[in-house]
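Text of target.json (JSON, C-alpha atoms) as supplied:
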```
[["chain", "number", "residue", "atom", "x", "y", "z"],
["X", 7, "MET", "CA", 0.00, 0.00, 0.00],
["X", 8, "PRO", "CA", 2.45, 2.70, 1.01],
["X", 9, "VAL", "CA", 3.78, 5.23, -1.47],
["X", 10, "ILE", "CA", 6.91, 6.65, 0.14],
["X", 11, "SER", "CA", 8.58, 9.77, -1.25],
["X", 12, "PHE", "CA", 12.08, 11.00, -0.48],
["X", 13, "ALA", "CA", 12.00, 14.78, -0.73],
["X", 14, "ASN", "CA", 14.43, 17.56, -0.05],
["X", 15, "SER", "CA", 14.72, 20.50, -2.42],
["X", 16, "LYS", "CA", 18.50, 20.58, -2.00],
["X", 17, "GLY", "CA", 20.71, 18.24, -3.95],
["X", 18, "GLY", "CA", 23.20, 16.01, -2.12],
["X", 19, "SER", "CA", 21.01, 15.54, 0.95],
["X", 20, "GLY", "CA", 21.03, 11.75, 0.66],
["X", 21, "LYS", "CA", 17.69, 11.15, -1.07],
["X", 22, "THR", "CA", 18.85, 8.70, -3.71],
["X", 23, "THR", "CA", 21.05, 6.65, -1.40],
["X", 24, "SER", "CA", 18.44, 6.34, 1.34],
["X", 25, "ALA", "CA", 15.65, 5.64, -1.20],
["X", 26, "LEU", "CA", 17.65, 2.89, -2.86],
["X", 27, "LEU", "CA", 18.70, 1.32, 0.46],
["X", 28, "LEU", "CA", 15.07, 1.19, 1.54],
["X", 29, "ALA", "CA", 13.86, -0.14, -1.81],
["X", 30, "CYS", "CA", 16.45, -2.95, -1.74],
["X", 31, "ALA", "CA", 15.60, -3.85, 1.88],
["X", 32, "LEU", "CA", 11.86, -4.02, 1.14],
["X", 33, "ALA", "CA", 12.40, -5.92, -2.11],
["X", 34, "GLU", "CA", 13.99, -8.73, -0.10],
["X", 35, "ILE", "CA", 10.53, -9.44, 1.27],
["X", 36, "LYS", "CA", 7.88, -7.86, -0.97],
["X", 37, "PRO", "CA", 7.66, -6.73, -4.60],
["X", 38, "THR", "CA", 8.71, -3.09, -4.64],
["X", 39, "THR", "CA", 8.82, -0.35, -7.27],
["X", 40, "ILE", "CA", 11.19, 2.58, -7.16],
["X", 41, "ILE", "CA", 10.31, 5.59, -9.33],
["X", 42, "ASP", "CA", 13.40, 7.49, -10.36],
["X", 43, "ALA", "CA", 12.16, 11.08, -10.64],
["X", 44, "ASP", "CA", 15.59, 12.68, -10.50],
["X", 45, "PRO", "CA", 16.45, 14.09, -13.97],
["X", 46, "ARG", "CA", 20.00, 12.72, -13.56],
["X", 47, "HIS", "CA", 18.41, 9.26, -13.22],
["X", 48, "PRO", "CA", 20.94, 7.78, -10.77],
["X", 49, "VAL", "CA", 18.71, 4.83, -9.84],
["X", 50, "THR", "CA", 18.09, 4.00, -13.49],
["X", 51, "LYS", "CA", 21.84, 3.99, -14.10],
["X", 52, "TRP", "CA", 22.33, 1.78, -11.02],
["X", 53, "ALA", "CA", 19.68, -0.64, -12.32],
["X", 54, "GLU", "CA", 21.51, -0.99, -15.63],
["X", 55, "LYS", "CA", 24.37, -2.67, -13.74],
["X", 56, "ASP", "CA", 24.25, -6.26, -12.46],
["X", 57, "GLY", "CA", 22.67, -7.24, -9.17],
["X", 58, "LYS", "CA", 19.31, -5.49, -9.11],
["X", 59, "PRO", "CA", 16.94, -7.62, -6.99],
["X", 60, "ASP", "CA", 14.36, -9.44, -9.15],
["X", 61, "ASN", "CA", 11.61, -8.18, -6.84],
["X", 62, "LEU", "CA", 12.53, -4.56, -7.53],
["X", 63, "THR", "CA", 11.05, -2.67, -10.49],
["X", 64, "VAL", "CA", 12.66, 0.60, -11.54],
["X", 65, "ILE", "CA", 10.48, 3.16, -13.34],
["X", 66, "THR", "CA", 12.19, 6.14, -14.93],
["X", 67, "ASN", "CA", 10.07, 9.26, -14.64],
["X", 68, "GLU", "CA", 10.64, 11.97, -17.24],
["X", 69, "SER", "CA", 8.00, 14.57, -16.46],
["X", 70, "GLU", "CA", 5.66, 16.08, -13.88],
["X", 71, "LYS", "CA", 2.87, 15.35, -16.36],
["X", 72, "THR", "CA", 3.25, 11.59, -16.03],
["X", 73, "ILE", "CA", 4.34, 11.08, -12.44],
["X", 74, "GLN", "CA", 0.84, 10.81, -10.96],
["X", 75, "ASP", "CA", -0.16, 8.03, -13.38],
["X", 76, "GLU", "CA", 3.16, 6.26, -12.78],
["X", 77, "ILE", "CA", 2.62, 6.34, -9.00],
["X", 78, "ASP", "CA", -0.94, 5.11, -9.43],
["X", 79, "ASP", "CA", 0.09, 2.23, -11.70],
["X", 80, "ALA", "CA", 2.96, 1.20, -9.42],
["X", 81, "ALA", "CA", 0.81, 1.32, -6.27],
["X", 82, "ALA", "CA", -1.76, -0.93, -7.95],
["X", 83, "LYS", "CA", 0.98, -3.44, -8.80],
["X", 84, "ASP", "CA", 3.28, -3.56, -5.77],
["X", 85, "PRO", "CA", 2.81, -3.24, -1.99],
["X", 86, "PHE", "CA", 5.65, -0.72, -1.73],
["X", 87, "VAL", "CA", 6.37, 2.24, -4.00],
["X", 88, "ILE", "CA", 9.43, 4.39, -3.36],
["X", 89, "ILE", "CA", 9.91, 7.73, -5.13],
["X", 90, "ASP", "CA", 13.34, 9.31, -5.43],
["X", 91, "LEU", "CA", 12.79, 13.00, -6.22],
["X", 92, "GLU", "CA", 15.03, 15.64, -7.72],
["X", 93, "GLY", "CA", 16.91, 18.05, -5.47],
["X", 94, "THR", "CA", 14.87, 21.02, -6.63],
["X", 95, "ALA", "CA", 11.67, 22.63, -5.41],
["X", 96, "SER", "CA", 9.50, 21.59, -8.33],
["X", 97, "LEU", "CA", 5.90, 20.86, -9.21],
["X", 98, "ARG", "CA", 6.98, 17.26, -9.81],
["X", 99, "MET", "CA", 7.98, 17.06, -6.13],
["X", 100, "THR", "CA", 4.66, 18.62, -5.11],
["X", 101, "TYR", "CA", 2.68, 16.09, -7.14],
["X", 102, "ALA", "CA", 4.64, 13.17, -5.71],
["X", 103, "ILE", "CA", 4.30, 14.21, -2.08],
["X", 104, "SER", "CA", 0.59, 14.98, -2.54],
["X", 105, "GLN", "CA", 0.12, 11.37, -3.60],
["X", 106, "SER", "CA", 2.32, 9.82, -0.91],
["X", 107, "ASP", "CA", 1.37, 7.87, 2.18],
["X", 108, "PHE", "CA", 4.62, 8.81, 3.88],
["X", 109, "VAL", "CA", 7.29, 11.38, 3.08],
["X", 110, "ILE", "CA", 10.87, 11.00, 4.22],
["X", 111, "VAL", "CA", 12.88, 14.23, 4.30],
["X", 112, "PRO", "CA", 16.54, 13.26, 4.22],
["X", 113, "MET", "CA", 19.06, 15.88, 5.29],
["X", 114, "LYS", "CA", 22.59, 16.31, 6.43],
["X", 115, "GLU", "CA", 22.99, 18.26, 9.65],
["X", 116, "GLN", "CA", 23.83, 21.42, 7.71],
["X", 117, "GLN", "CA", 22.12, 24.78, 7.48],
["X", 118, "GLN", "CA", 21.31, 24.63, 3.75],
["X", 119, "ASP", "CA", 19.87, 21.12, 4.01],
["X", 120, "ALA", "CA", 17.83, 22.19, 7.03],
["X", 121, "GLU", "CA", 16.36, 25.22, 5.25],
["X", 122, "ALA", "CA", 15.46, 23.13, 2.21],
["X", 123, "ALA", "CA", 13.91, 20.47, 4.47],
["X", 124, "LEU", "CA", 11.71, 23.12, 6.08],
["X", 125, "ASP", "CA", 10.61, 24.33, 2.62],
["X", 126, "VAL", "CA", 9.52, 20.78, 1.78],
["X", 127, "ILE", "CA", 7.70, 20.40, 5.12],
["X", 128, "GLN", "CA", 5.80, 23.64, 4.46],
["X", 129, "GLU", "CA", 4.81, 22.44, 0.99],
["X", 130, "LEU", "CA", 3.79, 19.14, 2.53],
["X", 131, "HIS", "CA", 1.42, 20.91, 4.91],
["X", 132, "ARG", "CA", -0.09, 22.81, 1.97],
["X", 133, "MET", "CA", -0.67, 19.46, 0.25],
["X", 134, "MET", "CA", -2.31, 18.01, 3.36],
["X", 135, "LYS", "CA", -4.71, 20.95, 3.33],
["X", 136, "ALA", "CA", -5.37, 20.58, -0.40],
["X", 137, "SER", "CA", -5.99, 16.85, -0.24],
["X", 138, "ARG", "CA", -7.73, 16.99, 3.17],
["X", 139, "ARG", "CA", -5.75, 14.11, 4.55],
["X", 140, "GLU", "CA", -2.82, 13.55, 6.84],
["X", 141, "ILE", "CA", 0.45, 12.80, 5.07],
["X", 142, "PRO", "CA", 2.85, 11.56, 7.74],
["X", 143, "TYR", "CA", 6.47, 12.52, 7.35],
["X", 144, "ALA", "CA", 9.77, 12.29, 9.18],
["X", 145, "VAL", "CA", 13.22, 13.79, 8.85],
["X", 146, "LEU", "CA", 16.06, 11.34, 8.29],
["X", 147, "PHE", "CA", 19.61, 12.42, 9.06],
["X", 148, "THR", "CA", 22.00, 11.17, 6.41],
["X", 149, "GLN", "CA", 25.73, 11.02, 5.79],
["X", 150, "SER", "CA", 26.14, 11.29, 9.56],
["X", 151, "LYS", "CA", 29.54, 11.10, 11.16],
["X", 152, "TRP", "CA", 30.31, 9.59, 14.55],
["X", 153, "VAL", "CA", 32.02, 12.74, 15.69],
["X", 154, "LYS", "CA", 29.83, 15.77, 15.08],
["X", 155, "SER", "CA", 30.71, 19.44, 15.10],
["X", 156, "ARG", "CA", 28.89, 21.84, 17.43],
["X", 157, "THR", "CA", 26.98, 23.24, 14.42],
["X", 158, "GLN", "CA", 25.88, 19.78, 13.31],
["X", 159, "ARG", "CA", 24.69, 18.91, 16.81],
["X", 160, "HIS", "CA", 22.83, 22.22, 17.09],
["X", 161, "ILE", "CA", 21.00, 21.76, 13.77],
["X", 162, "GLY", "CA", 20.15, 18.12, 14.49],
["X", 163, "ASN", "CA", 18.87, 18.94, 17.98],
["X", 164, "GLN", "CA", 16.64, 21.72, 16.66],
["X", 165, "PHE", "CA", 14.77, 19.13, 14.60],
["X", 166, "ARG", "CA", 14.83, 16.38, 17.23],
["X", 167, "SER", "CA", 13.48, 18.65, 19.95],
["X", 168, "ASN", "CA", 10.71, 20.08, 17.74],
["X", 169, "GLU", "CA", 7.51, 18.33, 18.80],
["X", 170, "ARG", "CA", 5.80, 19.11, 15.49],
["X", 171, "ILE", "CA", 8.44, 17.41, 13.37],
["X", 172, "ASP", "CA", 8.98, 13.66, 13.55],
["X", 173, "THR", "CA", 12.55, 12.44, 13.11],
["X", 174, "PHE", "CA", 14.02, 8.99, 12.64],
["X", 175, "ASP", "CA", 16.01, 7.69, 15.61],
["X", 176, "VAL", "CA", 18.21, 5.89, 13.10],
["X", 177, "GLU", "CA", 20.69, 8.00, 11.16],
["X", 178, "LEU", "CA", 22.28, 6.81, 7.96],
["X", 179, "PHE", "CA", 26.00, 7.10, 8.51],
["X", 180, "GLU", "CA", 28.55, 7.95, 5.89],
["X", 181, "ARG", "CA", 29.71, 4.49, 4.88],
["X", 182, "GLU", "CA", 31.67, 3.25, 1.92],
["X", 183, "PRO", "CA", 29.16, 0.49, 0.96],
["X", 184, "PHE", "CA", 26.41, 3.09, 0.54],
["X", 185, "SER", "CA", 28.34, 4.82, -2.23],
["X", 186, "ALA", "CA", 29.94, 1.62, -3.54],
["X", 187, "ILE", "CA", 26.63, 0.13, -4.72],
["X", 188, "PHE", "CA", 26.25, 2.96, -7.24],
["X", 189, "GLN", "CA", 29.58, 1.98, -8.73],
["X", 190, "THR", "CA", 29.23, -1.79, -8.59],
["X", 191, "GLY", "CA", 25.47, -2.17, -8.95],
["X", 192, "GLY", "CA", 23.52, -4.57, -6.74],
["X", 193, "THR", "CA", 22.76, -4.28, -3.04],
["X", 194, "VAL", "CA", 24.78, -3.77, 0.13],
["X", 195, "ARG", "CA", 24.04, -7.40, 1.05],
["X", 196, "GLY", "CA", 25.58, -8.49, -2.23],
["X", 197, "LEU", "CA", 28.86, -6.60, -1.74],
["X", 198, "ASP", "CA", 32.04, -8.54, -1.06],
["X", 199, "PRO", "CA", 33.16, -7.58, 2.49],
["X", 200, "LYS", "CA", 36.74, -8.45, 1.54],
["X", 201, "LYS", "CA", 36.68, -5.69, -1.08],
["X", 202, "ILE", "CA", 34.44, -3.08, 0.57],
["X", 203, "ASN", "CA", 35.01, -2.10, 4.20],
["X", 204, "GLY", "CA", 32.19, -1.96, 6.71],
["X", 205, "THR", "CA", 29.65, -3.96, 4.74],
["X", 206, "GLU", "CA", 28.11, -5.69, 7.78],
["X", 207, "LYS", "CA", 27.72, -2.42, 9.67],
["X", 208, "ALA", "CA", 26.24, -0.72, 6.61],
["X", 209, "LEU", "CA", 23.72, -3.51, 6.17],
["X", 210, "GLU", "CA", 22.77, -3.30, 9.84],
["X", 211, "ASN", "CA", 22.36, 0.49, 9.52],
["X", 212, "ALA", "CA", 20.16, 0.19, 6.39],
["X", 213, "THR", "CA", 18.06, -2.59, 7.98],
["X", 214, "LYS", "CA", 17.43, -0.56, 11.12],
["X", 215, "PHE", "CA", 16.31, 2.35, 8.96],
["X", 216, "ALA", "CA", 13.86, 0.09, 7.09],
["X", 217, "ASP", "CA", 12.65, -1.37, 10.41],
["X", 218, "GLU", "CA", 11.95, 2.06, 11.84],
["X", 219, "LEU", "CA", 10.09, 3.11, 8.70],
["X", 220, "ILE", "CA", 7.88, 0.01, 8.84],
["X", 221, "ALA", "CA", 7.11, 0.80, 12.49],
["X", 222, "LYS", "CA", 6.22, 4.39, 11.54],
["X", 223, "LEU", "CA", 3.98, 3.20, 8.69],
["X", 224, "ARG", "CA", 2.13, 0.87, 11.03],
["X", 225, "THR", "CA", 1.71, 3.59, 13.64],
["X", 226, "SER", "CA", 0.38, 6.08, 11.09],
["X", 227, "ARG", "CA", -2.00, 3.47, 9.71],
["X", 228, "GLU", "CA", -3.36, 2.78, 13.21],
["X", 229, "LYS", "CA", -3.80, 6.52, 13.81],
["X", 230, "GLN", "CA", -5.64, 6.83, 10.50],
["X", 231, "LEU", "CA", -7.96, 3.95, 11.44],
["X", 232, "ILE", "CA", -8.69, 5.53, 14.83],
["X", 233, "ASN", "CA", -9.46, 8.86, 13.14],
["X", 234, "GLU", "CA", -11.77, 7.15, 10.66],
["X", 235, "VAL", "CA", -13.68, 5.42, 13.47],
["X", 236, "ALA", "CA", -13.88, 8.67, 15.45],
["E", 15, "MET", "CA", 28.09, -11.62, 3.06],
["E", 16, "SER", "CA", 25.93, -13.38, 5.55],
["E", 17, "GLY", "CA", 22.39, -14.02, 4.42],
["E", 18, "GLU", "CA", 21.10, -13.67, 7.98],
["E", 19, "ARG", "CA", 18.86, -10.68, 8.65],
["E", 20, "THR", "CA", 19.71, -8.63, 11.70],
["E", 21, "SER", "CA", 16.26, -7.12, 11.87],
["E", 22, "LEU", "CA", 14.19, -7.04, 15.04],
["E", 23, "ASN", "CA", 10.69, -6.42, 13.71],
["E", 24, "PHE", "CA", 11.03, -6.62, 9.94],
["E", 25, "ASP", "CA", 8.63, -9.50, 9.49],
["E", 26, "ASP", "CA", 6.83, -10.86, 6.41],
["E", 27, "LEU", "CA", 5.10, -7.49, 5.78],
["E", 28, "ASP", "CA", 1.92, -9.30, 4.75],
["E", 29, "ASP", "CA", -0.14, -6.44, 6.18],
["E", 30, "PHE", "CA", 1.04, -4.26, 3.28],
["E", 31, "GLU", "CA", -0.66, -4.79, -0.06],
["E", 32, "ALA", "CA", -0.99, -3.12, -3.44],
["E", 33, "LYS", "CA", -3.93, -0.72, -3.61],
["E", 34, "PRO", "CA", -6.41, -0.07, -6.40],
["E", 35, "SER", "CA", -5.87, 3.67, -6.87],
["E", 36, "ALA", "CA", -3.55, 6.17, -5.29],
["E", 37, "LYS", "CA", -4.43, 8.98, -7.64],
["E", 38, "PRO", "CA", -6.30, 11.93, -6.18],
["E", 39, "ASP", "CA", -9.63, 12.89, -7.77],
["E", 40, "LYS", "CA", -9.92, 15.79, -10.19],
["E", 41, "ALA", "CA", -11.06, 18.29, -7.53],
["E", 42, "THR", "CA", -8.11, 17.44, -5.30],
["E", 43, "ARG", "CA", -5.67, 17.69, -8.21],
["E", 44, "LYS", "CA", -7.07, 21.13, -9.03],
["E", 45, "LYS", "CA", -6.67, 22.19, -5.40],
["E", 46, "VAL", "CA", -3.09, 20.85, -5.36],
["E", 47, "ASP", "CA", -2.31, 22.97, -8.44],
["E", 48, "GLN", "CA", -3.86, 26.01, -6.78],
["E", 49, "VAL", "CA", -1.91, 25.82, -3.52],
["E", 50, "ALA", "CA", 1.40, 24.41, -4.80],
["E", 51, "SER", "CA", 4.22, 26.84, -4.14],
["E", 52, "PHE", "CA", 6.88, 24.84, -5.96],
["E", 53, "PRO", "CA", 6.96, 25.85, -9.64],
["E", 54, "SER", "CA", 7.09, 23.73, -12.74],
["E", 55, "ARG", "CA", 10.65, 23.36, -13.98],
["E", 56, "GLU", "CA", 9.60, 21.97, -17.33],
["E", 57, "ALA", "CA", 9.46, 24.01, -20.51],
["E", 58, "PRO", "CA", 5.99, 23.85, -22.03],
["E", 59, "GLN", "CA", 5.98, 21.66, -25.12],
["E", 60, "THR", "CA", 3.54, 22.69, -27.79],
["E", 61, "LYS", "CA", 2.57, 20.86, -30.93],
["E", 62, "GLN", "CA", 0.13, 21.56, -33.73],
["E", 63, "MET", "CA", -2.42, 19.05, -34.99],
["E", 64, "ASN", "CA", -4.57, 19.44, -38.09],
["E", 65, "ILE", "CA", -7.69, 17.31, -38.32],
["E", 66, "THR", "CA", -9.44, 16.50, -41.57],
["E", 67, "GLY", "CA", -12.88, 14.92, -41.24],
["E", 68, "ASP", "CA", -16.60, 15.23, -41.58],
["E", 69, "ALA", "CA", -17.47, 18.94, -41.40],
["E", 70, "SER", "CA", -20.48, 18.33, -39.15],
["E", 71, "VAL", "CA", -18.29, 16.57, -36.56],
["E", 72, "LEU", "CA", -15.65, 19.31, -36.59],
["E", 73, "ASP", "CA", -18.35, 22.01, -36.51],
["E", 74, "ARG", "CA", -19.90, 20.27, -33.52],
["E", 75, "PHE", "CA", -16.53, 20.26, -31.77],
["E", 76, "ASP", "CA", -16.04, 23.97, -32.51],
["E", 77, "ARG", "CA", -19.53, 24.74, -31.20],
["E", 78, "MET", "CA", -18.74, 22.88, -27.97],
["E", 79, "CYS", "CA", -15.54, 24.90, -27.52],
["E", 80, "LYS", "CA", -17.34, 28.18, -28.20],
["E", 81, "GLU", "CA", -20.29, 27.44, -25.93],
["E", 82, "ASP", "CA", -18.03, 26.38, -23.06],
["E", 83, "ARG", "CA", -15.53, 29.18, -23.78],
["E", 84, "ARG", "CA", -12.61, 26.80, -23.99],
["E", 85, "SER", "CA", -9.71, 26.42, -26.37],
["E", 86, "ARG", "CA", -9.81, 23.43, -28.72],
["E", 87, "HIS", "CA", -6.83, 21.99, -26.85],
["E", 88, "ALA", "CA", -8.56, 22.30, -23.44],
["E", 89, "MET", "CA", -11.79, 20.75, -24.77],
["E", 90, "LEU", "CA", -9.89, 17.90, -26.39],
["E", 91, "GLU", "CA", -8.25, 17.09, -23.05],
["E", 92, "ILE", "CA", -11.62, 17.13, -21.28],
["E", 93, "LEU", "CA", -13.10, 14.76, -23.86],
["E", 94, "MET", "CA", -10.10, 12.42, -23.67],
["E", 95, "ASP", "CA", -10.26, 12.37, -19.85],
["E", 96, "ALA", "CA", -13.98, 11.54, -20.06],
["E", 97, "TYR", "CA", -13.26, 8.79, -22.61],
["E", 98, "GLU", "CA", -10.65, 7.26, -20.28],
["E", 99, "GLY", "CA", -12.95, 7.64, -17.27],
["E", 100, "LYS", "CA", -10.63, 10.12, -15.54],
["E", 101, "GLY", "CA", -13.25, 12.88, -15.31]]
```

Would you mind writing the structure in this file as structure tokens?
Amino acid sequence: MPVISFANSKGGSGKTTSALLLACALAEIKPTTIIDADPRHPVTKWAEKDGKPDNLTVITNESEKTIQDEIDDAAAKDPFVIIDLEGTASLRMTYAISQSDFVIVPMKEQQQDAEAALDVIQELHRMMKASRREIPYAVLFTQSKWVKSRTQRHIGNQFRSNERIDTFDVELFEREPFSAIFQTGGTVRGLDPKKINGTEKALENATKFADELIAKLRTSREKQLINEVA
Amino acid sequence: MSGERTSLNFDDLDDFEAKPSAKPDKATRKKVDQVASFPSREAPQTKQMNITGDASVLDRFDRMCKEDRRSRHAMLEILMDAYEGKG
């Protein structure tokens, strides 16, 4: 059922990596579609290499005019639909988030990423009003480092302590396997740990992210059911 | 790589299924267009189409456009949407 968009209007915030990690994790269990709506088409290029899971369908989106039909078709086919959006505030992003069941806002703990994340959250609230439905969302911190600067901690804490903005407990850390899959193709699980450092830790990190998302989806579904009954 | 999952609650996910339609209705789409603050980044693509056919059919189409104060292009889209059941 869930259509899950990855949206941040700034490039380099970790959308494509986190979207692909999630899509690969879900595809291990259920048929999943990932819609590549980034004009650079990084996921499409990844899929042209060896190792794409059989359960994962990649759709290349070319235009805002077709994205709604593509989402609709994919959601009718597969239980999970992931949308990787471009790093630009665009109508294509608006259409995708208006049709989503959950929006993940990936960001690095940096000022520019944070400002762009807030722009997306504001647009998201406009879409909730337009579509008269709740669209749950959460901020995901990406490319995190173990040792954080004071600025990074300050920006991260501003989001974490804001009661109106949900954040993932899990952060996606900066790990070699996460960038290696774009070069080699395939999934983190399929990487050779003798050639790529930190593969086990990366897999654990990606799995925990997917676990937390599933928990959030279930919680939002329960809330929706309670609201419908009330 | 080990094939073992390290997940705690990542079960069979059987409670998630494909759904018949995720697309918002026409009224909602119109509202989305009205309140969207993010602009289109795509250059408008225009194309010209000439239609040769029975004059009464084309006259009927022109009358529809005139009566509804719509361009031929806009009316054509409305008719196609109705034909595909998207209205």

Based on all atoms listed in the file, which of the residues in chain E come within 6 Å of chain X? I want them as a PDB file with C-alpha atoms, in the coordinates of the input.
```pdb
ATOM      1  CA  PHE E  24      11.030  -6.620   9.940  1.00  0.00           C
ATOM      2  CA  PHE E  30       1.040  -4.260   3.280  1.00  0.00           C
ATOM      3  CA  GLU E  31      -0.660  -4.790  -0.060  1.00  0.00           C
ATOM      4  CA  ALA E  32      -0.990  -3.120  -3.440  1.00  0.00           C
ATOM      5  CA  LYS E  33      -3.930  -0.720  -3.610  1.00  0.00           C
ATOM      6  CA  PRO E  34      -6.410  -0.070  -6.400  1.00  0.00           C
ATOM      7  CA  SER E  35      -5.870   3.670  -6.870  1.00  0.00           C
ATOM      8  CA  ALA E  36      -3.550   6.170  -5.290  1.00  0.00           C
ATOM      9  CA  LYS E  37      -4.430   8.980  -7.640  1.00  0.00           C
ATOM     10  CA  THR E  42      -8.110  17.440  -5.300  1.00  0.00           C
ATOM     11  CA  LYS E  45      -6.670  22.190  -5.400  1.00  0.00           C
ATOM     12  CA  VAL E  46      -3.090  20.850  -5.360  1.00  0.00           C
ATOM     13  CA  PHE E  52       6.880  24.840  -5.960  1.00  0.00           C
ATOM     14  CA  PRO E  53       6.960  25.850  -9.640  1.00  0.00           C
ATOM     15  CA  SER E  54       7.090  23.730 -12.740  1.00  0.00           C
TER      16      SER E  54
END
```

Could you list, as a PDB file with C-alpha atoms, in the coordinates of the input, every residue within 7 Å of region 54-60 of chain X, counting all atoms listed in the file and ignoring same-chain residues fewer than 3 positions away?
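New file result.pdb:
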```
ATOM      1  CA  ALA X  33      12.400  -5.920  -2.110  1.00  0.00           C
ATOM      2  CA  THR X  50      18.090   4.000 -13.490  1.00  0.00           C
ATOM      3  CA  LYS X  51      21.840   3.990 -14.100  1.00  0.00           C
ATOM      4  CA  GLY X 191      25.470  -2.170  -8.950  1.00  0.00           C
ATOM      5  CA  GLY X 192      23.520  -4.570  -6.740  1.00  0.00           C
ATOM      6  CA  THR X 193      22.760  -4.280  -3.040  1.00  0.00           C
TER       7      THR X 193
END
```

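Taking only C-alpha atoms into account, the residues near (-15.0, 22.7, -23.5), no farther than 9 Å, are Phe75, Met78, Cys79, Lys80, Glu81, Asp82, Arg83, Arg84, Ser85, Arg86, His87, Ala88, Met89, Leu90, Glu91, Ile92 and Leu93 of chain E.
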
Please produce an output containing C-alpha atoms for each residue in the selection, written as a PDB file, in the frame of the given file.
```
ATOM      1  CA  PHE E  75     -16.530  20.260 -31.770  1.00  0.00           C
ATOM      2  CA  MET E  78     -18.740  22.880 -27.970  1.00  0.00           C
ATOM      3  CA  CYS E  79     -15.540  24.900 -27.520  1.00  0.00           C
ATOM      4  CA  LYS E  80     -17.340  28.180 -28.200  1.00  0.00           C
ATOM      5  CA  GLU E  81     -20.290  27.440 -25.930  1.00  0.00           C
ATOM      6  CA  ASP E  82     -18.030  26.380 -23.060  1.00  0.00           C
ATOM      7  CA  ARG E  83     -15.530  29.180 -23.780  1.00  0.00           C
ATOM      8  CA  ARG E  84     -12.610  26.800 -23.990  1.00  0.00           C
ATOM      9  CA  SER E  85      -9.710  26.420 -26.370  1.00  0.00           C
ATOM     10  CA  ARG E  86      -9.810  23.430 -28.720  1.00  0.00           C
ATOM     11  CA  HIS E  87      -6.830  21.990 -26.850  1.00  0.00           C
ATOM     12  CA  ALA E  88      -8.560  22.300 -23.440  1.00  0.00           C
ATOM     13  CA  MET E  89     -11.790  20.750 -24.770  1.00  0.00           C
ATOM     14  CA  LEU E  90      -9.890  17.900 -26.390  1.00  0.00           C
ATOM     15  CA  GLU E  91      -8.250  17.090 -23.050  1.00  0.00           C
ATOM     16  CA  ILE E  92     -11.620  17.130 -21.280  1.00  0.00           C
ATOM     17  CA  LEU E  93     -13.100  14.760 -23.860  1.00  0.00           C
TER      18      LEU E  93
END
```

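Between CA of Asn233 (chain X) and CA of Phe108 (chain X) lies a distance of 16.9 Å.
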
Query raised in the report: Hey, can you check how far CA of Pro112 (chain X) sits from CA of Lys201 (chain X)?
Result: 28.2 Å

Requested in this report: Could you tell me how far CA of Ile10 (chain X) lies from CA of Leu91 (chain X), in Å and to one decimal?
Outcome: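 So the answer is 10.7 Å.
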
Would you compute the box with edges along x, y and z of the file around region 134-143 of chain X, including every atom the file lists for it and 8 Å extra on each side, and give its centre and edge lengths in Å to one decimal, as lines of an AutoDock Vina configuration file?
```
center_x = -0.6
center_y = 16.3
center_z = 3.7
size_x = 30.2
size_y = 25.4
size_z = 24.1
```

Query - Residue contacts of region 161-173 of chain X (10 Å, only C-alpha atoms) excluding same-chain residues fewer than 3 positions away, as a PyMOL selection string - result: chain X and resi 110-117+119-120+124+127+142-147+154+156-158+176-177+222

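Candidate residues X:Leu231, X:Val64, X:Val49, X:Val109 were compared for distance to Ala123 (chain X), and the nearest is X:Val109, using all atoms listed in the file.
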